[in-house]
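Below is one structure; the comments refer to it alone.
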Amino acid sequence: MLYGATGDLAKRMVLPAFYALATAGLLPEDWWLVGNGRGDDTDEDFVDRVSESLEKFGPGTASGPWDTFRTRLRFAGKGFTPDDPGQLVDVVEELRNGAGQDGDGDGAEDYQLVHYIALPPSTFTDYTRAIGAHGLDEGARVVYEKPFGTSPDGFRELDQAVHEVLDEQQVYRIDHFLGKEATQDLHVVRFANSLVNGMWNNDHVAQVQIDVPETLGIADRAEFYDETGAVLDMLVTHLFQVAAEVAMEPPASLGAEDLQSAREEVIASFRPLDPSEVVLGQFEGYTEIEGVAEGSTMDTFVAARLWVDTDRWRGVPFLLRTGKELGAGAQTVSLVLKDTDGPLRDVPAAAGALRFSLAGDGAIALSMVVKDPGPGLGLTVAPTTLDLADVEGGEALPPYARLLHDVLTGDRSLFTRPDGLEHVWEVAQPLLDHRPDVIPYAKGSMGPQEALALAEPGTWFITAESDA
Ligand code: BG6
């Protein structure tokens, strides 16, 4: 069941991800995708919408399994609320009857129900209650988009409402940064290579940077963005989860439960943000965009210095930055290495770094200080990059497809957990209570100048393309 099936998120992300799984042969043998929305589209209308989405945001329908895929699409319209199931319950019954299933959720003969709520967080409670009220909760899995709540109280109320209907094991809270190939390599490369594992601590790392500047604007979703801003859209969601991936203690195994626990537990050691270590910005011209409230002070940029109070990371700043309309686009996690004490003089400062690029298929780069070739003992900095797309083996899945596959197979390792999120809000609380002034910045810059000071004595690695 895809709620919000005619909406923007479904069109851009969820439907193409579903098709990517079909193309890769990763869907179960017998499946149906039932779209739900407030309208009363026919199945054919929905097929047309899915086809448009694949043309625009996927591989198109000319190749791949489209001819069979389209026959598995149904639309159950007229909304879905606790009081009124619209057409959904009837469609589910019809599909179950057609397959000779009794729908009691107790056996292999039943369809595994997956509810995907591809809608804003304000709707989550009602959809969850509707799933319970119409008896579609038994054995089902429910996928929630991020952010899971938009304030500490909102999170708690939502979490309670969700657990009134579902067990935690049924809940899949998506944070698609966790589904990126290179994000998964943060734990794989670390735990599979003793060289990397050995340097993953404050003896060797001077600074961690999680830097996600974006050149994109917000014009195509101004209303959503003006209610959300960079702190909620990116900082306390994607960037905190990636910080937890870096900061976590070794899990007992890389199995789903252990990995999820290790990542979510370390968030309890994030020190609550000090607002004097956070810079908020807004790009010039933001308030003139249609859909943005007059005089809005919403942040379109945030840079923050985060401290992780564990023995492993004490004293190492985690520098987090993201923003819209910036002068460069990147999704980079850098472990900046400490300078060495030793016999070599004049080693360039902060030159050694291990960097993970999370964008696209992902890449891992190592920069090292090496001898400048030739006579003498000059030193130079040399980077080397491993593009994950060039690694021989299977095909990478886009993050949404990867996570959807995990939902279908019941693997919760790359999803967030309420204890982690409870701590996320504790860490964010001082910032929400004492929001620094939002500083204007020019489009195409790297945000307010004030953000540069946060990285001192180092510097942010990613600079505006115009400065490169
Ligand atoms: C989304 C945010 O979750 O992630 C967007 O809402 C952001 O504002 C996007 O642009 C970035 O992720 P990706 O992986 O799609 O580039």
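In the structure tokens, chains take the letters A, B, ... in the order shown, each chain's residues start at 1, and ligands count up from 1 in the order shown.
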Report task. May I have the residues within 10 Å of ligand 1, computed using only C-alpha atoms and all ligand atoms, as number ranges by chain? Result -> A: 9, 12-13, 145-147, 174-180, 212-218, 221, 224-225, 228-230, 232-234, 237-238, 300, 322-324, 329-331, 358-360, 398-400
Query - Spatial neighbours of Gly458 in chain A, 10 Å, only C-alpha atoms, chain gap at least 4 places, as a PyMOL selection string - result: chain A and resi 206-207+336+349-350+452-454
**Report entry** Residue contacts of range 148-162 of chain A (8 Å, only C-alpha atoms) excluding same-chain residues fewer than 4 positions away, as JSON, numbers by chain
**Finding:** {"A": [121, 122, 124, 125, 128, 129, 144, 166, 173, 228, 232, 418, 422, 425, 426, 429]}
Query raised in the report: Neighbours of range 379-385 of chain A within 12 Å (only C-alpha atoms; same-chain residues fewer than 2 positions away dropped), as a VMD selection string?
Result: chain A and resid 344 to 357 362 to 377 387 to 391
Can you write just those residues out, C-alpha atoms, as a PDB file, in the first residue's frame?
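Heads up, here's the output in part-v6.pdb:
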```
ATOM      1  CA  LEU A 344      59.986  14.836   9.309  1.00  0.00           C
ATOM      2  CA  ARG A 345      59.771  18.600   9.472  1.00  0.00           C
ATOM      3  CA  ASP A 346      57.353  20.835   7.585  1.00  0.00           C
ATOM      4  CA  VAL A 347      54.702  18.178   7.047  1.00  0.00           C
ATOM      5  CA  PRO A 348      51.688  20.008   5.583  1.00  0.00           C
ATOM      6  CA  ALA A 349      49.070  20.422   8.314  1.00  0.00           C
ATOM      7  CA  ALA A 350      45.822  18.410   8.239  1.00  0.00           C
ATOM      8  CA  ALA A 351      46.788  16.959   4.865  1.00  0.00           C
ATOM      9  CA  GLY A 352      46.040  13.343   5.619  1.00  0.00           C
ATOM     10  CA  ALA A 353      42.382  12.415   5.386  1.00  0.00           C
ATOM     11  CA  LEU A 354      40.136   9.498   4.647  1.00  0.00           C
ATOM     12  CA  ARG A 355      37.077  10.660   2.826  1.00  0.00           C
ATOM     13  CA  PHE A 356      33.817   8.984   1.871  1.00  0.00           C
ATOM     14  CA  SER A 357      31.733  10.563  -0.846  1.00  0.00           C
ATOM     15  CA  GLY A 362      29.886   6.617  -3.840  1.00  0.00           C
ATOM     16  CA  ALA A 363      33.649   6.902  -3.608  1.00  0.00           C
ATOM     17  CA  ILE A 364      36.366   6.568  -1.004  1.00  0.00           C
ATOM     18  CA  ALA A 365      39.421   8.793  -1.149  1.00  0.00           C
ATOM     19  CA  LEU A 366      42.609   8.816   0.823  1.00  0.00           C
ATOM     20  CA  SER A 367      44.937  11.759   0.808  1.00  0.00           C
ATOM     21  CA  MET A 368      48.440  11.219   2.070  1.00  0.00           C
ATOM     22  CA  VAL A 369      51.608  13.189   2.422  1.00  0.00           C
ATOM     23  CA  VAL A 370      54.226  11.638   0.131  1.00  0.00           C
ATOM     24  CA  LYS A 371      57.667  12.500  -1.105  1.00  0.00           C
ATOM     25  CA  ASP A 372      57.727  14.991  -3.906  1.00  0.00           C
ATOM     26  CA  PRO A 373      59.281  12.877  -6.694  1.00  0.00           C
ATOM     27  CA  GLY A 374      62.755  13.928  -7.685  1.00  0.00           C
ATOM     28  CA  PRO A 375      65.898  14.993  -5.912  1.00  0.00           C
ATOM     29  CA  GLY A 376      65.691  16.217  -2.349  1.00  0.00           C
ATOM     30  CA  LEU A 377      63.136  15.474   0.340  1.00  0.00           C
ATOM     31  CA  ASP A 387      35.022   4.907  -7.200  1.00  0.00           C
ATOM     32  CA  LEU A 388      32.651   2.324  -5.811  1.00  0.00           C
ATOM     33  CA  ALA A 389      30.983   2.021  -9.217  1.00  0.00           C
ATOM     34  CA  ASP A 390      34.258   0.530 -10.494  1.00  0.00           C
ATOM     35  CA  VAL A 391      34.352  -2.180  -7.854  1.00  0.00           C
TER      36      VAL A 391
END
```
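Nearest residue to Glu456 in chain A among A:Pro317, A:Pro250, A:Gly444, A:Pro272 is A:Pro317, counting only C-alpha atoms.
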Report task. Can you list, as an MDAnalysis selection string, all residues belonging to range 32-280 of chain A that DSSP tags as alpha helix (DSSP H)? Result -> chainID A and resid 43:57 66:69 88:98 124:133 152:165 181:192 194:199 222:230 240:247 256:266
Requested in this report: Would you return as an NGL selection string the members of range 213-312 of chain A that DSSP assigns to strand (DSSP E or B) on this structure's backbone?
Outcome: :A and (213 or 270 or 278-283 or 301-308)
Expected file contents, prior selection, C-alpha atoms, as a compact mmCIF listing (two decimals), in the first residue's frame:
```txt
# COMPACT_ATOMS: atom_id res chain seq x y z
CA PRO A 213 26.44 21.50 0.62
CA PHE A 270 26.13 13.28 21.50
CA VAL A 278 25.81 26.62 15.42
CA VAL A 279 25.51 29.02 12.48
CA LEU A 280 22.19 29.37 10.68
CA GLY A 281 21.84 31.10 7.33
CA GLN A 282 19.29 31.99 4.70
CA PHE A 283 20.15 32.58 1.04
CA PHE A 301 21.85 26.68 5.86
CA VAL A 302 23.23 25.19 9.03
CA ALA A 303 26.74 24.50 10.23
CA ALA A 304 27.26 22.98 13.64
CA ARG A 305 30.07 21.70 15.84
CA LEU A 306 28.98 18.52 17.58
CA TRP A 307 30.86 16.70 20.36
CA VAL A 308 30.63 13.00 21.00
```
Requested in this report: May I ask which of the residues A:Ala10, A:Leu431, A:Val208, A:Met446 is the closest one to Ala328 in chain A, counting only C-alpha atoms?
Outcome: A:Met446
**Report entry** Interatomic distance, CA of Leu113 in chain A to CA of Leu136 in chain A (Å, one decimal)
**Finding:** 7.7 Å
Requested in this report: Just the residues within 12 Å of Ala252 in chain A, please, counting only C-alpha atoms, with nothing from its chain fewer than 3 positions along; format it as number ranges by chain.
Outcome: A: 191, 248-249, 255-263
With N, CA, C and O atoms retained, export the selected residues as a compact mmCIF listing (two decimals), in the first residue's frame.
```
# COMPACT_ATOMS: atom_id res chain seq x y z
N PHE A 191 35.44 -1.89 9.69
CA PHE A 191 35.59 -3.15 10.42
C PHE A 191 36.28 -4.24 9.61
O PHE A 191 36.70 -5.26 10.16
N MET A 248 29.80 5.28 16.10
CA MET A 248 29.36 4.10 16.87
C MET A 248 30.54 3.24 17.33
O MET A 248 31.59 3.18 16.71
N GLU A 249 30.30 2.56 18.44
CA GLU A 249 31.24 1.56 18.93
C GLU A 249 31.04 0.30 18.10
O GLU A 249 29.97 0.10 17.52
N GLY A 255 25.02 -7.84 11.89
CA GLY A 255 23.62 -8.26 11.72
C GLY A 255 22.69 -7.09 12.05
O GLY A 255 23.09 -6.13 12.71
N ALA A 256 21.45 -7.22 11.58
CA ALA A 256 20.51 -6.11 11.64
C ALA A 256 20.37 -5.51 13.04
O ALA A 256 20.55 -4.31 13.24
N GLU A 257 20.10 -6.36 14.03
CA GLU A 257 19.84 -5.84 15.38
C GLU A 257 21.07 -5.16 15.96
O GLU A 257 20.98 -4.07 16.52
N ASP A 258 22.22 -5.82 15.81
CA ASP A 258 23.44 -5.30 16.42
C ASP A 258 23.85 -3.98 15.78
O ASP A 258 24.25 -3.03 16.47
N LEU A 259 23.77 -3.93 14.47
CA LEU A 259 24.21 -2.72 13.77
C LEU A 259 23.29 -1.55 14.11
O LEU A 259 23.73 -0.44 14.43
N GLN A 260 22.00 -1.81 14.09
CA GLN A 260 21.04 -0.76 14.41
C GLN A 260 21.26 -0.28 15.85
O GLN A 260 21.28 0.93 16.11
N SER A 261 21.48 -1.22 16.77
CA SER A 261 21.68 -0.83 18.17
C SER A 261 22.93 0.03 18.32
O SER A 261 22.90 1.06 18.98
N ALA A 262 24.02 -0.40 17.71
CA ALA A 262 25.27 0.35 17.88
C ALA A 262 25.11 1.78 17.37
O ALA A 262 25.54 2.75 18.02
N ARG A 263 24.46 1.92 16.23
CA ARG A 263 24.31 3.27 15.65
C ARG A 263 23.38 4.12 16.49
O ARG A 263 23.67 5.27 16.80
```
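The smallest atom-to-atom distance between Gly4 in chain A and any of A:Thr332, A:Thr23, A:Thr42, A:Thr123, using only C-alpha atoms, is found for A:Thr123.
As for CA of Asp433 in chain A and CA of Ile289 in chain A, they are spaced 27.1 Å apart.
Coordinates place CA of Arg38 in chain A at a distance of 14.5 Å from CA of Arg74 in chain A.
If only C-alpha atoms are the atoms counted, then among A:Leu95, A:Leu326, A:Val143, A:Leu408 the closest residue to Ala464 in chain A is A:Leu326.
Minimum atom-to-atom distance to Phe46 in chain A, evaluated using only C-alpha atoms, belongs to A:Ala5 out of A:Gly64, A:Gly86, A:Ala5, A:Trp200.
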I'd like the neighbourhood of His204 in chain A as a PDB file with all heavy atoms, in the first residue's frame, where a residue qualifies if any of its atoms comes within 8 Å (using only C-alpha atoms), though same-chain residues fewer than 4 positions away should be ignored.
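To be explicit, this is the file written out as around-v7.pdb:
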```pdb
ATOM      1  N   MET A 199      42.732   3.426  13.041  1.00  0.00           N
ATOM      2  CA  MET A 199      42.819   4.895  13.105  1.00  0.00           C
ATOM      3  C   MET A 199      41.482   5.542  13.480  1.00  0.00           C
ATOM      4  O   MET A 199      41.378   6.757  13.551  1.00  0.00           O
ATOM      5  CB  MET A 199      43.296   5.452  11.754  1.00  0.00           C
ATOM      6  CG  MET A 199      42.453   5.004  10.586  1.00  0.00           C
ATOM      7  SD  MET A 199      42.535   6.123   9.171  1.00  0.00           S
ATOM      8  CE  MET A 199      41.147   7.171   9.536  1.00  0.00           C
ATOM      9  N   TRP A 200      40.462   4.715  13.753  1.00  0.00           N
ATOM     10  CA  TRP A 200      39.102   5.250  13.940  1.00  0.00           C
ATOM     11  C   TRP A 200      38.903   5.726  15.376  1.00  0.00           C
ATOM     12  O   TRP A 200      38.056   5.236  16.101  1.00  0.00           O
ATOM     13  CB  TRP A 200      38.106   4.144  13.570  1.00  0.00           C
ATOM     14  CG  TRP A 200      36.799   4.614  13.010  1.00  0.00           C
ATOM     15  CD1 TRP A 200      35.680   4.933  13.728  1.00  0.00           C
ATOM     16  CD2 TRP A 200      36.453   4.788  11.638  1.00  0.00           C
ATOM     17  NE1 TRP A 200      34.668   5.312  12.883  1.00  0.00           N
ATOM     18  CE2 TRP A 200      35.104   5.227  11.594  1.00  0.00           C
ATOM     19  CE3 TRP A 200      37.130   4.635  10.427  1.00  0.00           C
ATOM     20  CZ2 TRP A 200      34.432   5.500  10.401  1.00  0.00           C
ATOM     21  CZ3 TRP A 200      36.467   4.899   9.248  1.00  0.00           C
ATOM     22  CH2 TRP A 200      35.142   5.329   9.235  1.00  0.00           C
ATOM     23  N   LEU A 337      43.092  13.476   9.549  1.00  0.00           N
ATOM     24  CA  LEU A 337      44.056  12.820  10.439  1.00  0.00           C
ATOM     25  C   LEU A 337      44.928  13.823  11.182  1.00  0.00           C
ATOM     26  O   LEU A 337      45.210  14.920  10.687  1.00  0.00           O
ATOM     27  CB  LEU A 337      44.927  11.855   9.623  1.00  0.00           C
ATOM     28  CG  LEU A 337      44.110  10.774   8.892  1.00  0.00           C
ATOM     29  CD1 LEU A 337      45.023   9.850   8.108  1.00  0.00           C
ATOM     30  CD2 LEU A 337      43.272   9.978   9.884  1.00  0.00           C
ATOM     31  N   LYS A 338      45.351  13.420  12.361  1.00  0.00           N
ATOM     32  CA  LYS A 338      46.221  14.289  13.164  1.00  0.00           C
ATOM     33  C   LYS A 338      47.597  14.393  12.520  1.00  0.00           C
ATOM     34  O   LYS A 338      48.021  13.472  11.812  1.00  0.00           O
ATOM     35  CB  LYS A 338      46.375  13.696  14.569  1.00  0.00           C
ATOM     36  CG  LYS A 338      45.148  13.930  15.417  1.00  0.00           C
ATOM     37  CD  LYS A 338      45.419  13.570  16.863  1.00  0.00           C
ATOM     38  CE  LYS A 338      44.310  14.139  17.738  1.00  0.00           C
ATOM     39  NZ  LYS A 338      44.272  13.515  19.054  1.00  0.00           N
TER      40      LYS A 338
END
```
